[in-house]
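my_file37.cif follows (mmCIF, C-alpha atoms and all ligand atoms):
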data_final
#
loop_
_atom_site.group_PDB
_atom_site.id
_atom_site.type_symbol
_atom_site.label_atom_id
_atom_site.label_comp_id
_atom_site.auth_asym_id
_atom_site.auth_seq_id
_atom_site.Cartn_x
_atom_site.Cartn_y
_atom_site.Cartn_z
ATOM 1 C CA MET A 1 -33.931 -7.609 -11.007
ATOM 2 C CA LEU A 2 -31.788 -9.228 -13.659
ATOM 3 C CA LEU A 3 -28.889 -6.884 -12.861
ATOM 4 C CA PHE A 4 -29.284 -7.707 -9.165
ATOM 5 C CA SER A 5 -28.984 -11.425 -9.767
ATOM 6 C CA VAL A 6 -25.987 -10.935 -12.047
ATOM 7 C CA ILE A 7 -23.917 -9.063 -9.469
ATOM 8 C CA ARG A 8 -25.081 -10.982 -6.402
ATOM 9 C CA LYS A 9 -22.035 -13.249 -6.238
ATOM 10 C CA ALA A 10 -21.509 -15.532 -3.245
ATOM 11 C CA ALA A 11 -18.101 -13.993 -2.524
ATOM 12 C CA LEU A 12 -19.512 -10.481 -2.159
ATOM 13 C CA ASN A 13 -21.795 -11.511 0.711
ATOM 14 C CA VAL A 14 -20.709 -11.274 4.326
ATOM 15 C CA LEU A 15 -21.811 -14.830 5.202
ATOM 16 C CA THR A 16 -21.152 -18.140 3.468
ATOM 17 C CA PRO A 17 -24.071 -20.591 2.962
ATOM 18 C CA TRP A 18 -22.880 -22.354 6.173
ATOM 19 C CA LEU A 19 -22.911 -19.022 8.044
ATOM 20 C CA ALA A 20 -19.195 -18.373 8.320
ATOM 21 C CA PRO A 21 -18.352 -14.659 8.109
ATOM 22 C CA ILE A 22 -16.632 -13.385 4.970
ATOM 23 C CA ILE A 23 -14.348 -10.616 6.178
ATOM 24 C CA TRP A 24 -14.644 -7.340 4.313
ATOM 25 C CA ASP A 25 -13.715 -3.886 5.544
ATOM 26 C CA GLY A 26 -16.455 -2.459 7.745
ATOM 27 C CA ILE A 27 -18.096 -5.683 8.966
ATOM 28 C CA TYR A 28 -16.146 -6.005 12.220
ATOM 29 C CA ASN A 29 -15.408 -3.876 15.265
ATOM 30 C CA LEU A 30 -11.653 -3.971 15.749
ATOM 31 C CA ASN A 31 -11.692 -2.537 19.285
ATOM 32 C CA ILE A 32 -13.873 -5.340 20.571
ATOM 33 C CA LEU A 33 -11.825 -7.990 18.763
ATOM 34 C CA ASN A 34 -8.499 -6.542 19.954
ATOM 35 C CA GLU A 35 -9.755 -6.707 23.525
ATOM 36 C CA GLN A 36 -10.911 -10.319 23.092
ATOM 37 C CA HIS A 37 -7.517 -11.261 21.651
ATOM 38 C CA LYS A 38 -5.235 -9.346 23.987
ATOM 39 C CA ASP A 39 -3.612 -12.559 25.280
ATOM 40 C CA THR A 40 -3.739 -14.467 21.988
ATOM 41 C CA ARG A 41 -0.440 -15.831 20.676
ATOM 42 C CA ILE A 42 -0.166 -15.770 16.892
ATOM 43 C CA GLY A 43 2.379 -17.513 14.657
ATOM 44 C CA LEU A 44 3.199 -16.616 11.067
ATOM 45 C CA PHE A 45 4.642 -19.472 9.018
ATOM 46 C CA VAL A 46 6.642 -18.551 5.944
ATOM 47 C CA PHE A 47 8.933 -20.515 3.676
ATOM 48 C CA ALA A 48 11.773 -18.945 1.655
ATOM 49 C CA VAL A 49 14.298 -21.124 -0.146
ATOM 50 C CA LYS A 50 16.667 -20.490 -3.024
ATOM 51 C CA LYS A 51 15.927 -17.343 -4.993
ATOM 52 C CA TYR A 52 12.795 -16.573 -2.969
ATOM 53 C CA ILE A 53 15.006 -15.489 -0.057
ATOM 54 C CA ARG A 54 15.020 -12.057 -1.732
ATOM 55 C CA PHE A 55 11.328 -11.626 -0.833
ATOM 56 C CA LEU A 56 11.848 -12.228 2.886
ATOM 57 C CA GLY A 57 13.194 -8.780 3.882
ATOM 58 C CA PRO A 58 10.267 -6.770 2.438
ATOM 59 C CA PHE A 59 7.800 -9.417 3.687
ATOM 60 C CA LEU A 60 8.997 -9.173 7.314
ATOM 61 C CA GLU A 61 9.473 -5.394 7.295
ATOM 62 C CA SER A 62 5.960 -4.820 5.979
ATOM 63 C CA ALA A 63 4.592 -7.414 8.446
ATOM 64 C CA GLU A 64 6.028 -5.361 11.282
ATOM 65 C CA ARG A 65 4.053 -2.347 10.039
ATOM 66 C CA PHE A 66 0.702 -4.040 9.354
ATOM 67 C CA PHE A 67 0.419 -7.601 10.692
ATOM 68 C CA MET A 68 -1.105 -8.064 14.171
ATOM 69 C CA VAL A 69 0.377 -4.824 15.443
ATOM 70 C CA GLY A 70 0.078 -4.699 19.254
ATOM 71 C CA HIS A 71 -0.353 -8.469 19.538
ATOM 72 C CA ASN A 72 1.918 -11.335 20.441
ATOM 73 C CA VAL A 73 3.555 -12.645 17.220
ATOM 74 C CA THR A 74 6.189 -15.269 16.435
ATOM 75 C CA TYR A 75 7.481 -15.575 12.878
ATOM 76 C CA TYR A 76 8.501 -19.107 11.899
ATOM 77 C CA VAL A 77 10.814 -18.695 8.934
ATOM 78 C CA PHE A 78 12.016 -21.788 7.071
ATOM 79 C CA THR A 79 14.942 -21.312 4.734
ATOM 80 C CA ASP A 80 17.860 -23.193 3.192
ATOM 81 C CA ARG A 81 20.328 -20.374 4.032
ATOM 82 C CA VAL A 82 19.865 -19.389 7.668
ATOM 83 C CA SER A 83 23.208 -17.520 7.739
ATOM 84 C CA GLU A 84 22.105 -15.123 4.970
ATOM 85 C CA ILE A 85 18.970 -13.924 6.712
ATOM 86 C CA VAL A 86 19.033 -10.467 8.259
ATOM 87 C CA LYS A 87 16.484 -10.179 11.074
ATOM 88 C CA PRO A 88 14.558 -6.906 10.914
ATOM 89 C CA LYS A 89 13.870 -4.793 14.007
ATOM 90 C CA MET A 90 10.880 -6.274 15.800
ATOM 91 C CA GLY A 91 8.140 -4.513 17.706
ATOM 92 C CA ASP A 92 7.234 -5.324 21.328
ATOM 93 C CA GLY A 93 5.949 -8.871 21.714
ATOM 94 C CA HIS A 94 7.250 -9.902 18.283
ATOM 95 C CA SER A 95 10.010 -12.442 17.707
ATOM 96 C CA LEU A 96 11.475 -14.520 14.926
ATOM 97 C CA GLN A 97 12.571 -18.142 14.794
ATOM 98 C CA LEU A 98 14.744 -19.265 11.900
ATOM 99 C CA ARG A 99 14.742 -22.914 10.922
ATOM 100 C CA GLU A 100 16.850 -24.678 8.337
ATOM 101 C CA VAL A 101 15.284 -26.831 5.595
ATOM 102 C CA THR A 102 16.748 -28.377 2.483
ATOM 103 C CA ALA A 103 15.442 -27.060 -0.821
ATOM 104 C CA ASP A 104 13.804 -29.342 -3.358
ATOM 105 C CA LYS A 105 14.992 -29.281 -6.959
ATOM 106 C CA ARG A 106 11.588 -28.882 -8.646
ATOM 107 C CA TRP A 107 9.635 -25.730 -7.749
ATOM 108 C CA GLN A 108 6.442 -27.747 -7.563
ATOM 109 C CA ASP A 109 8.061 -29.832 -4.810
ATOM 110 C CA VAL A 110 9.318 -26.683 -3.027
ATOM 111 C CA SER A 111 5.793 -25.354 -2.901
ATOM 112 C CA MET A 112 4.263 -28.700 -1.814
ATOM 113 C CA ARG A 113 6.995 -29.400 0.774
ATOM 114 C CA ARG A 114 5.428 -26.684 2.906
ATOM 115 C CA MET A 115 2.642 -29.085 3.903
ATOM 116 C CA GLU A 116 5.145 -31.598 5.297
ATOM 117 C CA ILE A 117 7.003 -28.867 7.198
ATOM 118 C CA LEU A 118 3.696 -27.534 8.485
ATOM 119 C CA THR A 119 2.753 -30.946 9.889
ATOM 120 C CA ALA A 120 6.034 -31.130 11.799
ATOM 121 C CA LEU A 121 5.719 -27.520 12.987
ATOM 122 C CA THR A 122 2.123 -27.739 14.210
ATOM 123 C CA LYS A 123 2.916 -30.976 16.048
ATOM 124 C CA GLN A 124 5.504 -29.036 18.103
ATOM 125 C CA LEU A 125 3.625 -25.794 18.550
ATOM 126 C CA THR A 126 0.536 -26.830 20.479
ATOM 127 C CA ASN A 127 1.642 -25.086 23.691
ATOM 128 C CA GLU A 128 3.593 -22.236 22.132
ATOM 129 C CA ILE A 129 0.914 -20.388 20.113
ATOM 130 C CA ASP A 130 -2.876 -20.343 19.680
ATOM 131 C CA TYR A 131 -3.283 -19.529 15.977
ATOM 132 C CA LEU A 132 -1.017 -20.115 13.010
ATOM 133 C CA VAL A 133 -1.191 -18.024 9.841
ATOM 134 C CA CYS A 134 0.466 -19.538 6.740
ATOM 135 C CA ALA A 135 1.589 -17.234 3.942
ATOM 136 C CA ASP A 136 3.523 -17.103 0.671
ATOM 137 C CA VAL A 137 6.723 -15.085 0.938
ATOM 138 C CA ASP A 138 6.411 -13.252 -2.406
ATOM 139 C CA MET A 139 3.976 -10.830 -0.778
ATOM 140 C CA VAL A 140 3.988 -7.514 1.074
ATOM 141 C CA PHE A 141 1.626 -6.263 3.753
ATOM 142 C CA ASN A 142 0.075 -3.026 2.572
ATOM 143 C CA ASP A 143 -2.732 -2.252 5.049
ATOM 144 C CA HIS A 144 -4.052 -3.422 8.408
ATOM 145 C CA MET A 145 -4.221 -7.226 8.898
ATOM 146 C CA GLY A 146 -5.224 -7.990 12.436
ATOM 147 C CA VAL A 147 -7.135 -10.335 14.695
ATOM 148 C CA GLU A 148 -10.319 -9.956 12.626
ATOM 149 C CA MET A 149 -8.830 -12.598 10.318
ATOM 150 C CA LEU A 150 -8.445 -15.235 13.042
ATOM 151 C CA GLY A 151 -10.784 -18.197 13.393
ATOM 152 C CA ASP A 152 -10.627 -21.934 14.042
ATOM 153 C CA LEU A 153 -10.025 -22.511 10.324
ATOM 154 C CA PHE A 154 -9.812 -19.695 7.791
ATOM 155 C CA ALA A 155 -8.912 -19.402 4.120
ATOM 156 C CA THR A 156 -8.796 -16.600 1.564
ATOM 157 C CA LEU A 157 -10.725 -16.171 -1.662
ATOM 158 C CA HIS A 158 -8.463 -16.286 -4.713
ATOM 159 C CA PRO A 159 -8.456 -12.767 -6.235
ATOM 160 C CA GLY A 160 -8.726 -14.211 -9.740
ATOM 161 C CA PHE A 161 -11.856 -16.276 -8.999
ATOM 162 C CA PHE A 162 -13.997 -14.378 -6.506
ATOM 163 C CA LEU A 163 -16.529 -13.394 -9.168
ATOM 164 C CA ALA A 164 -16.296 -16.690 -11.086
ATOM 165 C CA GLU A 165 -19.005 -19.347 -11.106
ATOM 166 C CA PRO A 166 -18.041 -22.602 -9.324
ATOM 167 C CA HIS A 167 -17.878 -24.631 -12.556
ATOM 168 C CA ALA A 168 -15.025 -22.331 -13.654
ATOM 169 C CA PHE A 169 -12.921 -22.829 -10.497
ATOM 170 C CA SER A 170 -9.546 -24.397 -11.272
ATOM 171 C CA TYR A 171 -10.092 -27.320 -8.888
ATOM 172 C CA GLU A 172 -8.420 -30.627 -9.734
ATOM 173 C CA ARG A 173 -10.996 -32.326 -11.961
ATOM 174 C CA HIS A 174 -9.360 -35.714 -12.560
ATOM 175 C CA PRO A 175 -10.913 -38.390 -10.315
ATOM 176 C CA ILE A 176 -7.574 -40.230 -10.131
ATOM 177 C CA SER A 177 -6.046 -37.444 -7.993
ATOM 178 C CA ALA A 178 -6.560 -37.243 -4.227
ATOM 179 C CA ALA A 179 -7.335 -33.530 -4.787
ATOM 180 C CA TYR A 180 -10.328 -34.311 -7.035
ATOM 181 C CA ILE A 181 -13.428 -32.171 -6.611
ATOM 182 C CA PRO A 182 -16.416 -33.127 -8.799
ATOM 183 C CA PHE A 183 -18.355 -30.476 -10.701
ATOM 184 C CA GLY A 184 -21.282 -29.365 -8.573
ATOM 185 C CA GLU A 185 -19.303 -29.404 -5.327
ATOM 186 C CA GLY A 186 -17.305 -26.600 -3.735
ATOM 187 C CA ASP A 187 -18.317 -23.076 -2.849
ATOM 188 C CA PHE A 188 -15.225 -20.945 -3.373
ATOM 189 C CA TYR A 189 -11.770 -21.177 -4.882
ATOM 190 C CA TYR A 190 -9.229 -20.468 -2.154
ATOM 191 C CA MET A 191 -5.638 -19.361 -2.725
ATOM 192 C CA ALA A 192 -2.872 -21.200 -0.890
ATOM 193 C CA ALA A 193 -0.979 -17.934 -0.328
ATOM 194 C CA LEU A 194 -2.886 -17.194 2.910
ATOM 195 C CA TYR A 195 -4.776 -19.470 5.285
ATOM 196 C CA GLY A 196 -4.630 -20.466 8.904
ATOM 197 C CA GLY A 197 -6.414 -21.346 12.084
ATOM 198 C CA LYS A 198 -6.005 -22.919 15.489
ATOM 199 C CA VAL A 199 -2.796 -24.947 15.627
ATOM 200 C CA GLU A 200 -4.656 -28.265 15.908
ATOM 201 C CA GLU A 201 -6.826 -27.398 12.889
ATOM 202 C CA ILE A 202 -3.774 -26.589 10.764
ATOM 203 C CA TYR A 203 -2.196 -29.826 11.922
ATOM 204 C CA LYS A 204 -5.223 -31.774 10.640
ATOM 205 C CA LEU A 205 -5.284 -29.774 7.404
ATOM 206 C CA SER A 206 -1.586 -30.263 6.666
ATOM 207 C CA VAL A 207 -1.706 -33.984 7.468
ATOM 208 C CA ALA A 208 -4.615 -34.440 5.043
ATOM 209 C CA CYS A 209 -3.005 -32.364 2.271
ATOM 210 C CA GLN A 210 0.381 -34.036 2.702
ATOM 211 C CA HIS A 211 -1.315 -37.436 2.580
ATOM 212 C CA GLY A 212 -3.033 -36.473 -0.704
ATOM 213 C CA ILE A 213 0.229 -35.206 -2.182
ATOM 214 C CA MET A 214 1.953 -38.517 -1.334
ATOM 215 C CA GLU A 215 -0.941 -40.587 -2.699
ATOM 216 C CA ASP A 216 -0.620 -38.716 -5.997
ATOM 217 C CA LYS A 217 3.168 -39.099 -6.038
ATOM 218 C CA LYS A 218 2.780 -42.875 -5.687
ATOM 219 C CA LYS A 219 0.690 -42.792 -8.865
ATOM 220 C CA ASN A 220 3.221 -40.522 -10.528
ATOM 221 C CA ILE A 221 0.692 -37.739 -10.890
ATOM 222 C CA GLU A 222 0.481 -34.199 -9.521
ATOM 223 C CA ALA A 223 -2.592 -32.040 -8.925
ATOM 224 C CA VAL A 224 -3.081 -29.140 -11.337
ATOM 225 C CA TRP A 225 -2.150 -26.447 -8.773
ATOM 226 C CA GLN A 226 -0.076 -28.633 -6.422
ATOM 227 C CA GLU A 227 -0.843 -28.060 -2.726
ATOM 228 C CA GLU A 228 -3.436 -25.398 -3.555
ATOM 229 C CA SER A 229 -5.539 -28.143 -5.175
ATOM 230 C CA HIS A 230 -5.264 -30.324 -2.067
ATOM 231 C CA LEU A 231 -6.081 -27.355 0.157
ATOM 232 C CA ASN A 232 -9.225 -26.664 -1.849
ATOM 233 C CA ARG A 233 -10.259 -30.291 -1.655
ATOM 234 C CA TYR A 234 -9.811 -30.270 2.139
ATOM 235 C CA LEU A 235 -11.874 -27.099 2.487
ATOM 236 C CA VAL A 236 -14.780 -28.446 0.440
ATOM 237 C CA TYR A 237 -15.271 -31.208 2.996
ATOM 238 C CA ASN A 238 -14.023 -29.321 6.089
ATOM 239 C CA LYS A 239 -15.679 -25.932 5.822
ATOM 240 C CA PRO A 240 -13.670 -22.950 7.074
ATOM 241 C CA THR A 241 -15.197 -21.125 10.027
ATOM 242 C CA LYS A 242 -14.141 -17.796 8.512
ATOM 243 C CA VAL A 243 -13.452 -16.710 4.950
ATOM 244 C CA LEU A 244 -11.203 -13.777 4.073
ATOM 245 C CA SER A 245 -12.236 -11.595 1.143
ATOM 246 C CA PRO A 246 -9.686 -10.720 -1.572
ATOM 247 C CA GLU A 247 -8.826 -7.629 0.497
ATOM 248 C CA TYR A 248 -6.473 -10.151 2.145
ATOM 249 C CA LEU A 249 -4.882 -11.336 -1.116
ATOM 250 C CA TRP A 250 -4.552 -8.999 -4.013
ATOM 251 C CA ALA A 251 -2.259 -8.183 -6.925
ATOM 252 C CA THR A 252 -2.211 -4.724 -8.454
ATOM 253 C CA ASN A 253 -2.740 -6.000 -12.005
ATOM 254 C CA MET A 254 -5.999 -7.842 -11.184
ATOM 255 C CA PRO A 255 -9.347 -6.888 -12.758
ATOM 256 C CA ASN A 256 -12.382 -6.025 -10.535
ATOM 257 C CA GLY A 257 -10.237 -3.976 -8.148
ATOM 258 C CA GLU A 258 -13.194 -1.585 -7.696
ATOM 259 C CA PHE A 259 -14.712 -4.170 -5.321
ATOM 260 C CA ILE A 260 -11.637 -4.127 -3.102
ATOM 261 C CA LYS A 261 -11.545 -1.122 -0.789
ATOM 262 C CA ARG A 262 -8.474 -2.116 1.182
ATOM 263 C CA LYS A 263 -5.600 -3.953 -0.462
ATOM 264 C CA ARG A 264 -4.093 -5.430 2.640
ATOM 265 C CA PHE A 265 -1.716 -8.095 1.322
ATOM 266 C CA LEU A 266 -0.238 -7.717 -2.149
ATOM 267 C CA ALA A 267 1.599 -10.140 -4.410
ATOM 268 C CA VAL A 268 4.999 -8.777 -5.390
ATOM 269 C CA PRO A 269 5.235 -8.664 -9.177
ATOM 270 C CA LYS A 270 7.939 -11.139 -10.106
ATOM 271 C CA ASN A 271 10.098 -11.628 -13.092
ATOM 272 C CA HIS A 272 9.537 -15.350 -13.579
ATOM 273 C CA GLU A 273 12.824 -15.753 -15.470
ATOM 274 C CA GLU A 274 14.734 -14.168 -12.600
ATOM 275 C CA VAL A 275 13.263 -16.252 -9.753
ATOM 276 C CA ARG A 276 13.219 -19.584 -11.585
ATOM 277 C CA ASN A 277 15.650 -22.015 -9.996
HETATM 278 C C1 LIG A 301 9.501 -21.250 -10.309
HETATM 279 O O1 LIG A 301 10.616 -21.370 -10.707
HETATM 280 C C2 LIG A 301 9.246 -21.254 -8.865
HETATM 281 S S1 LIG A 301 10.417 -21.211 -7.685
HETATM 282 C C3 LIG A 301 8.018 -21.306 -8.299
HETATM 283 C C4 LIG A 301 8.044 -21.286 -6.888
HETATM 284 C C5 LIG A 301 9.314 -21.246 -6.387
HETATM 285 C C6 LIG A 301 9.661 -21.156 -4.970
HETATM 286 C C7 LIG A 301 8.657 -21.085 -4.024
HETATM 287 C C8 LIG A 301 11.029 -21.082 -4.539
HETATM 288 O O2 LIG A 301 11.993 -21.160 -5.330
HETATM 289 N N1 LIG A 301 11.295 -20.910 -3.208
HETATM 290 C C9 LIG A 301 10.270 -20.805 -2.290
HETATM 291 O O3 LIG A 301 10.559 -20.612 -1.097
HETATM 292 N N2 LIG A 301 8.963 -20.934 -2.695
HETATM 293 C C10 LIG A 301 7.899 -20.895 -1.647
HETATM 294 O O4 LIG A 301 6.692 -21.434 -2.160
HETATM 295 C C11 LIG A 301 7.622 -19.438 -1.260
HETATM 296 O O5 LIG A 301 7.143 -19.389 0.081
HETATM 297 C C12 LIG A 301 6.497 -19.098 -2.229
HETATM 298 O O6 LIG A 301 5.771 -17.943 -1.848
HETATM 299 C C13 LIG A 301 5.698 -20.398 -2.212
HETATM 300 C C14 LIG A 301 4.754 -20.611 -3.406
HETATM 301 O O7 LIG A 301 5.387 -20.334 -4.623
HETATM 302 P P1 LIG A 301 4.931 -19.057 -5.496
HETATM 303 O O8 LIG A 301 4.816 -17.882 -4.554
HETATM 304 O O9 LIG A 301 5.853 -18.876 -6.639
HETATM 305 O O10 LIG A 301 3.500 -19.485 -5.987
HETATM 306 P P2 LIG A 301 2.457 -18.506 -6.713
HETATM 307 O O11 LIG A 301 2.953 -18.290 -8.114
HETATM 308 O O12 LIG A 301 1.147 -19.251 -6.620
HETATM 309 O O13 LIG A 301 2.425 -17.201 -5.944
HETATM 310 MN MN MN A 302 3.202 -16.530 -4.235
#

Take the structure I supplied and represent it as structure tokens, if you would.
Amino acid sequence: MLLFSVIRKAALNVLTPWLAPIIWDGIYNLNILNEQHKDTRIGLFVFAVKKYIRFLGPFLESAERFFMVGHNVTYYVFTDRVSEIVKPKMGDGHSLQLREVTADKRWQDVSMRRMEILTALTKQLTNEIDYLVCADVDMVFNDHMGVEMLGDLFATLHPGFFLAEPHAFSYERHPISAAYIPFGEGDFYYMAALYGGKVEEIYKLSVACQHGIMEDKKKNIEAVWQEESHLNRYLVYNKPTKVLSPEYLWATNMPNGEFIKRKRFLAVPKNHEEVRN
């Protein structure tokens, strides 16, 4: 009984306390979902500026092998060097749009800027796509990632925290920040490297996060994990309708890998010295 209570972590269930599914291998029927989504239009938003452009080739090539294969996909790639990007061969129904952005000096600002870009993008996209998936670029697709991940608003459990108790989550704990989450609140710690939803839901999310980032900037402060902190704050008070297990965000050097049957989306090990701007 004691052992049972020790290993019965919220993240290992297949439903959250508010009855949103937590997607693990084996809990869904892909044939049924593929049929339901045969006309669904899916966008993948990715940002690659400065030295992170090097991650874009492997990201897109692996996406073509594993991401929404057989479905209608548009990649929205934002970069500061459009002319350097080589478009990979795309499958049927897949296309890529390249858009130019200017790169911020500080990496924290680069990472946070994505929320501002996302607000502008989702404002435009309402008639173009149904769902938008937002991802880090320093990742590769390594196994099936399909329509089972889609929902009105979905986010992914951080692979480093899925067995942690909520008091140990690295939420922003200073009340002065707009990303503040008090102890005792919050169910999961989500990673900003993969989330998404219906276009209008991501519009609302990005507006709220961008607003929080600007509020903090006015006070000359910055949340502990930049936009990830604001994302977590948003998701405490706007519960996701679907939660993705760490199968959807993994890194090969993580502990507790025995829980993860399929490693679908892997962080690329990076030499921090080499990619620093
Ligand atoms: C340190 O020098 C840097 S540079 C940290 C982030 C940098 C960065 C991030 C960059 O130079 N260019 C860039 O396009 N990004 C985007 O922000 C890219 O999409 C990346 O995946 C995302 C978040 O940064 P990250 O992947 O380094 O964050 P973590 O460490 O949480 O995976
Ligand atoms: Mn990353």

Name the residues captured by the PyMOL selection byres (((chain A and resi 190-199) around 6) and not hetatm) when it is applied to the shown file; answer as JSON, numbers by chain. {"A": [122, 130, 131, 132, 133, 134, 135, 136, 151, 152, 153, 154, 155, 156, 157, 158, 189, 200, 201, 202, 228]}

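Across A:Asp109, A:Glu128, A:Glu215, A:Glu148, the tightest approach to ligand LIG 301 (chain A) is made by A:Asp109 when counting only C-alpha atoms and all ligand atoms.
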
Near-A:Val140 list (7 Å; all atoms listed in the file; drop same-chain fewer than 4 positions) as an MDAnalysis selection string: chainID A and resid 58:59 62 265:268

Residues in the PyMOL selection byres (((chain A and resi 172) around 12) and not hetatm), expressed as a PyMOL selection string: chain A and resi 167-171+173-183+185-186+189+216+221-234

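In terms of minimum interatomic distance to ligand MN 302 (chain A), A:Met139 ranks closest within A:Val73, A:Met139, A:Ile213, A:Met149, counting all atoms listed in the file.
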
Of A:His94, A:Arg99, A:His211, A:Arg65, the one sitting nearest A:Arg81 when using only C-alpha atoms is A:Arg99

By how many Å are atom CA of A:Lys51 and atom CA of A:Met68 apart? 27.3 Å

Can you tell me, as a PyMOL selection string, what residues are no more than 12 Å from A:Met145 when counting only C-alpha atoms, ignoring any on the same chain fewer than 2 positions away? chain A and resi 23-25+30+34+62-71+133+140-143+147-150+194+244-245+247-249+262-266

With C-alpha atoms retained, export the selected residues as an mmCIF file, in the coordinates of the input.
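Heads up, here's the output in selection32.cif:
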data_model
loop_
_atom_site.group_PDB
_atom_site.id
_atom_site.type_symbol
_atom_site.label_atom_id
_atom_site.label_comp_id
_atom_site.auth_asym_id
_atom_site.auth_seq_id
_atom_site.Cartn_x
_atom_site.Cartn_y
_atom_site.Cartn_z
ATOM 1 C CA ILE A 23 -14.348 -10.616 6.178
ATOM 2 C CA TRP A 24 -14.644 -7.340 4.313
ATOM 3 C CA ASP A 25 -13.715 -3.886 5.544
ATOM 4 C CA LEU A 30 -11.653 -3.971 15.749
ATOM 5 C CA ASN A 34 -8.499 -6.542 19.954
ATOM 6 C CA SER A 62 5.960 -4.820 5.979
ATOM 7 C CA ALA A 63 4.592 -7.414 8.446
ATOM 8 C CA GLU A 64 6.028 -5.361 11.282
ATOM 9 C CA ARG A 65 4.053 -2.347 10.039
ATOM 10 C CA PHE A 66 0.702 -4.040 9.354
ATOM 11 C CA PHE A 67 0.419 -7.601 10.692
ATOM 12 C CA MET A 68 -1.105 -8.064 14.171
ATOM 13 C CA VAL A 69 0.377 -4.824 15.443
ATOM 14 C CA GLY A 70 0.078 -4.699 19.254
ATOM 15 C CA HIS A 71 -0.353 -8.469 19.538
ATOM 16 C CA VAL A 133 -1.191 -18.024 9.841
ATOM 17 C CA VAL A 140 3.988 -7.514 1.074
ATOM 18 C CA PHE A 141 1.626 -6.263 3.753
ATOM 19 C CA ASN A 142 0.075 -3.026 2.572
ATOM 20 C CA ASP A 143 -2.732 -2.252 5.049
ATOM 21 C CA VAL A 147 -7.135 -10.335 14.695
ATOM 22 C CA GLU A 148 -10.319 -9.956 12.626
ATOM 23 C CA MET A 149 -8.830 -12.598 10.318
ATOM 24 C CA LEU A 150 -8.445 -15.235 13.042
ATOM 25 C CA LEU A 194 -2.886 -17.194 2.910
ATOM 26 C CA LEU A 244 -11.203 -13.777 4.073
ATOM 27 C CA SER A 245 -12.236 -11.595 1.143
ATOM 28 C CA GLU A 247 -8.826 -7.629 0.497
ATOM 29 C CA TYR A 248 -6.473 -10.151 2.145
ATOM 30 C CA LEU A 249 -4.882 -11.336 -1.116
ATOM 31 C CA ARG A 262 -8.474 -2.116 1.182
ATOM 32 C CA LYS A 263 -5.600 -3.953 -0.462
ATOM 33 C CA ARG A 264 -4.093 -5.430 2.640
ATOM 34 C CA PHE A 265 -1.716 -8.095 1.322
ATOM 35 C CA LEU A 266 -0.238 -7.717 -2.149
#
